[in-house]
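**Q** Once you've had a glance at the structure underneath, I'll fire off some questions.
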Amino acid sequence: MGTSRSRFADGPLWAASAAALLVPWTLAPGLRDAWVLPKCAAAAACAAAGLAAWAAAGAPSLALGLEGALAAFLAAAALASWASVDPSASWLGPDLEPASGFLGVAAAVAGLYLGAAAARLRADASSLFARAMALPAAAMGVLALAQTLSSGTAGWFGRGEGLMDRAVGTFGHPVALGAYLAVAAPYALAWALTAQGRARAASWAAFACVVVGLGAAGGRSAWAAGAAGCALALWLDGRPWTRRAAAAAAACGLAGALLLSLRLGAAGQRPGGRLGAWRIAWSAFSERPLAGWGPGSFGFLYKRDRSAGLAYAEGPDVAFPHAHNDWLEVLAATGLLGGAAYAWAHAAAGGAARRVWGPAGAAGLGGAAALFVQAKLNLPAVTASFLGAVGFGAAVAAAPAPVGRLGLPAALFVTACLAALALPLARFPAERADHLGRLARAEGRPREAAERLEAAVAGAPGVLRFRLDLLNLLWDAAEGAPPADREGLLARARDVALDGARLRPAEPEFARLLGLAELRRAEAGAPSLPAARAALEAARAADPFNPLTLRDLGAVAELEARGGRLR
């Protein structure tokens, strides 16, 4: 090992450990998205730092035996994103959770090779990374418990979106918190199983905190994922008592899942939401079996194809942004091409895992098992996917390297890091502008708010919530404006909605906003009722059960009945 390599040999491990410590706790209150986007930025920065350190240390081989499969899957995802029904959602991912978009997948690939780089330069990287995962996850578990016991504690970190009877940690949503803690639990358990002396009590306490946090997050998919990951970690430990504990944990998990399903059925609650989403995904795959509809497009498919029963059961204003099953979502999103590459990637990952099947791989393989189960029942958030991939890469790269493929691992590492950086770099200015615009509007500075919100829309034109913020400002300003100014404000609102509908014609909410903008103009005397009805009918065709669309169509019908001359 040369001087350069010895100087930077610990760099990838430091970067991986920094990711485990910092990514879950990264927040940026000055952004519209204070939770997900900052975590994406932290993950991308850590991956880029690890890439730089790996190159400075001599760029040892990163071949894992997964390179061909990963390259094929990324190529299929890129092709499907290019031909997507909604390219914005396919490249960047759905609003607030990019994990199912192309850049979210790239972030997981970057994490995989970050872990591999750490293990190729430090033989003990996997065990050290397990501790780095366990400690912040334990702290997150304590926070989750505090949020459950005290709503004031939650206010320090923000509550985020939906399901607010459950803890959200620093993730803004309980599903994302549960996915992270499910992946972290096997790392905490593996550390506890190997700790010695004074560290043993601390490690078991950390594991207990992670389990408590999982309970506070309240997600059944996360509980199943955490149990599966921990059971595998116990089994791989290899001692007789851990093997018995693993068997008991698996049996209890299966029995608990069965009892919970029976209880839900007896209480009249469906487990039909997931079944309905799975049917929609399979039907969408049957429609376009070769290349699919594009990553991140499931929200469009769900709105378009859900039945009246599913809309009633879940609520007409609820739309699943993902299929709650990775295989079905991959098939619907990327078709047979992506599905074949995904199957190849699973087979290659299984082969890599067999090389470290034993106590040395307990943490990384347990975390990967948790991620695997979570993906079958829900969407693993981008944080969980990235950190789970880091741990898996660190575990399997500790084994002897297979023959490399003409620098393909390095090319994947570089490409994935650049793609992971693209999302936060592209969105940070717009997220900041939108946040400042909303703040200015709340504080009564409409002119500044308009400038900020216009900048947000210009910086990220495909983001629905940015356009909605600007439209609400324009409509509020039009209410108290003189007739001449009102006409200009309503026309500008119509143009903002029209640009969004042209940019993302597959997103029914843009069509609804266009119809609402034309309706507001008609109420002010403009001859725009036919355009309002046409836009709202297009929105209803793409999302038949949206109550807001139905309400707006009712307003159009009422205005038509009152003033036929406007038509």
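Residue numbering restarts at 1 in every chain; chains get A, B, ... in the order shown in the structure tokens, and ligands count up from 1 in that same order.
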Can you check which parts of stretch 390-493 of chain A lie within 10 Å of stretch 501-516 of chain A? Per residue, the shortest pair of atoms and distance in Å to one decimal, counting only C-alpha atoms, sorted by chain and number, as a tab-separated table.
**A**
residue	atom	partner	partner_atom	distance
A:Pro461	CA	A:Leu503	CA	7.9
A:Gly462	CA	A:Leu503	CA	6.8
A:Val463	CA	A:Arg504	CA	9.5
A:Leu464	CA	A:Phe510	CA	7.3
A:Arg467	CA	A:Phe510	CA	8.9
A:Leu468	CA	A:Leu513	CA	8.0
A:Leu471	CA	A:Leu513	CA	8.5
A:Ala493	CA	A:Leu514	CA	8.6
**Q** Keeping N, CA and C atoms for every residue in the selection just given, could you write it to a file as a PDB file, in the first residue's frame?
**A**
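Final output, saved to selection-v7.pdb:
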ATOM      1  N   PRO A 461     -40.318  23.528 -12.396  1.00  0.00           N
ATOM      2  CA  PRO A 461     -41.647  23.720 -12.996  1.00  0.00           C
ATOM      3  C   PRO A 461     -42.582  22.526 -12.878  1.00  0.00           C
ATOM      4  N   GLY A 462     -42.055  21.325 -12.622  1.00  0.00           N
ATOM      5  CA  GLY A 462     -42.923  20.162 -12.554  1.00  0.00           C
ATOM      6  C   GLY A 462     -43.450  19.844 -11.177  1.00  0.00           C
ATOM      7  N   VAL A 463     -43.106  20.641 -10.159  1.00  0.00           N
ATOM      8  CA  VAL A 463     -43.516  20.347  -8.787  1.00  0.00           C
ATOM      9  C   VAL A 463     -44.901  20.940  -8.539  1.00  0.00           C
ATOM     10  N   LEU A 464     -45.844  20.092  -8.220  1.00  0.00           N
ATOM     11  CA  LEU A 464     -47.235  20.509  -8.084  1.00  0.00           C
ATOM     12  C   LEU A 464     -47.414  21.517  -6.959  1.00  0.00           C
ATOM     13  N   ARG A 467     -46.608  25.247  -7.750  1.00  0.00           N
ATOM     14  CA  ARG A 467     -47.633  25.932  -8.551  1.00  0.00           C
ATOM     15  C   ARG A 467     -48.891  26.184  -7.722  1.00  0.00           C
ATOM     16  N   LEU A 468     -49.242  25.252  -6.870  1.00  0.00           N
ATOM     17  CA  LEU A 468     -50.431  25.446  -6.043  1.00  0.00           C
ATOM     18  C   LEU A 468     -50.246  26.624  -5.091  1.00  0.00           C
ATOM     19  N   LEU A 471     -50.668  29.744  -7.195  1.00  0.00           N
ATOM     20  CA  LEU A 471     -52.064  29.928  -7.575  1.00  0.00           C
ATOM     21  C   LEU A 471     -52.892  30.452  -6.406  1.00  0.00           C
ATOM     22  N   ALA A 493     -53.008  33.424 -13.223  1.00  0.00           N
ATOM     23  CA  ALA A 493     -53.243  32.138 -12.568  1.00  0.00           C
ATOM     24  C   ALA A 493     -53.584  31.070 -13.606  1.00  0.00           C
TER      25      ALA A 493
END
**Q** Using only C-alpha atoms, what table do you get, as a Markdown table, when you list each residue of stretch 271-363 of chain A with an atom no more than 9 Å from stretch 79-99 of chain A, its nearest pair of atoms, and their distance in Å rounded to one decimal, rows by chain then rising number?
**A**
| residue | atom | partner | partner_atom | distance |
| --- | --- | --- | --- | --- |
| A:Ala291 | CA | A:Ala80 | CA | 5.8 |
| A:Gly292 | CA | A:Ala80 | CA | 6.4 |
| A:Trp293 | CA | A:Ser84 | CA | 5.3 |
| A:Gly294 | CA | A:Ser84 | CA | 4.3 |
| A:Pro295 | CA | A:Ser90 | CA | 4.4 |
| A:Gly296 | CA | A:Ser90 | CA | 4.7 |
| A:Ser297 | CA | A:Ala89 | CA | 6.4 |
| A:Gly299 | CA | A:Pro94 | CA | 7.9 |
| A:Phe300 | CA | A:Asp86 | CA | 8.4 |
| A:Pro321 | CA | A:Pro94 | CA | 6.9 |
| A:His322 | CA | A:Pro94 | CA | 8.9 |
| A:Ala333 | CA | A:Ala80 | CA | 7.1 |
| A:Thr334 | CA | A:Ala80 | CA | 5.5 |
| A:Gly335 | CA | A:Ala80 | CA | 8.3 |
| A:Gly338 | CA | A:Ala80 | CA | 8.5 |
**Q** For A:Gly213, please output as a CSV table (one decimal) with N, CA, C and O atoms, in the first residue's frame all residues within 8 Å (counting only C-alpha atoms; exclusion window: fewer than 3 positions along the same chain).
**A**
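Saved result, out06.csv, follows:
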chain,number,residue,atom,x,y,z
A,138,ALA,N,-30.8,4.4,17.9
A,138,ALA,CA,-31.3,4.3,19.3
A,138,ALA,C,-31.8,5.7,19.7
A,138,ALA,O,-32.9,5.8,20.3
A,140,MET,N,-33.0,7.9,17.8
A,140,MET,CA,-34.2,8.2,17.0
A,140,MET,C,-35.4,7.4,17.7
A,140,MET,O,-36.5,7.9,17.8
A,141,GLY,N,-35.1,6.2,18.2
A,141,GLY,CA,-36.2,5.5,19.0
A,141,GLY,C,-36.6,6.3,20.2
A,141,GLY,O,-37.8,6.3,20.5
A,142,VAL,N,-35.7,6.9,20.9
A,142,VAL,CA,-36.0,7.7,22.1
A,142,VAL,C,-36.9,8.9,21.7
A,142,VAL,O,-37.9,9.2,22.3
A,143,LEU,N,-36.5,9.5,20.6
A,143,LEU,CA,-37.3,10.7,20.1
A,143,LEU,C,-38.7,10.2,19.7
A,143,LEU,O,-39.7,10.9,20.0
A,144,ALA,N,-38.8,9.1,19.0
A,144,ALA,CA,-40.1,8.6,18.6
A,144,ALA,C,-41.0,8.3,19.8
A,144,ALA,O,-42.2,8.6,19.8
A,145,LEU,N,-40.4,7.7,20.9
A,145,LEU,CA,-41.2,7.5,22.1
A,145,LEU,C,-41.6,8.9,22.7
A,145,LEU,O,-42.8,9.0,23.2
A,178,GLY,N,-40.5,4.3,10.3
A,178,GLY,CA,-40.5,2.8,10.5
A,178,GLY,C,-39.6,2.1,9.6
A,178,GLY,O,-38.9,1.1,10.0
A,181,LEU,N,-36.0,2.5,11.0
A,181,LEU,CA,-35.7,1.8,12.2
A,181,LEU,C,-35.8,0.3,11.9
A,181,LEU,O,-35.0,-0.5,12.6
A,209,CYS,N,-34.0,0.5,22.5
A,209,CYS,CA,-34.5,1.8,22.1
A,209,CYS,C,-35.0,1.8,20.6
A,209,CYS,O,-36.0,2.4,20.3
A,210,VAL,N,-34.3,1.1,19.8
A,210,VAL,CA,-34.7,0.9,18.4
A,210,VAL,C,-36.0,0.2,18.3
A,210,VAL,O,-36.9,0.6,17.6
A,216,ALA,N,-43.4,2.8,18.3
A,216,ALA,CA,-44.0,4.1,18.2
A,216,ALA,C,-44.3,4.5,16.8
A,216,ALA,O,-45.3,5.3,16.6
A,217,ALA,N,-43.5,4.1,15.8
A,217,ALA,CA,-43.8,4.4,14.4
A,217,ALA,C,-45.1,3.8,14.0
A,217,ALA,O,-45.8,4.3,13.1
**Q** Go through A:Arg486, A:Arg452, A:Arg520, A:Arg288 one by one, measure the shortest atom-to-atom distance of each to A:Leu439 using only C-alpha atoms, and give the residue with the smallest value.
**A**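 Closest residue, counting only C-alpha atoms: A:Arg452.
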**Q** Considering only alpha helix (DSSP H) as DSSP defines it on the backbone, what residues of stretch 319-377 of chain A qualify? List them as a ChimeraX atom specification.
**A** /A:326-354,362-377
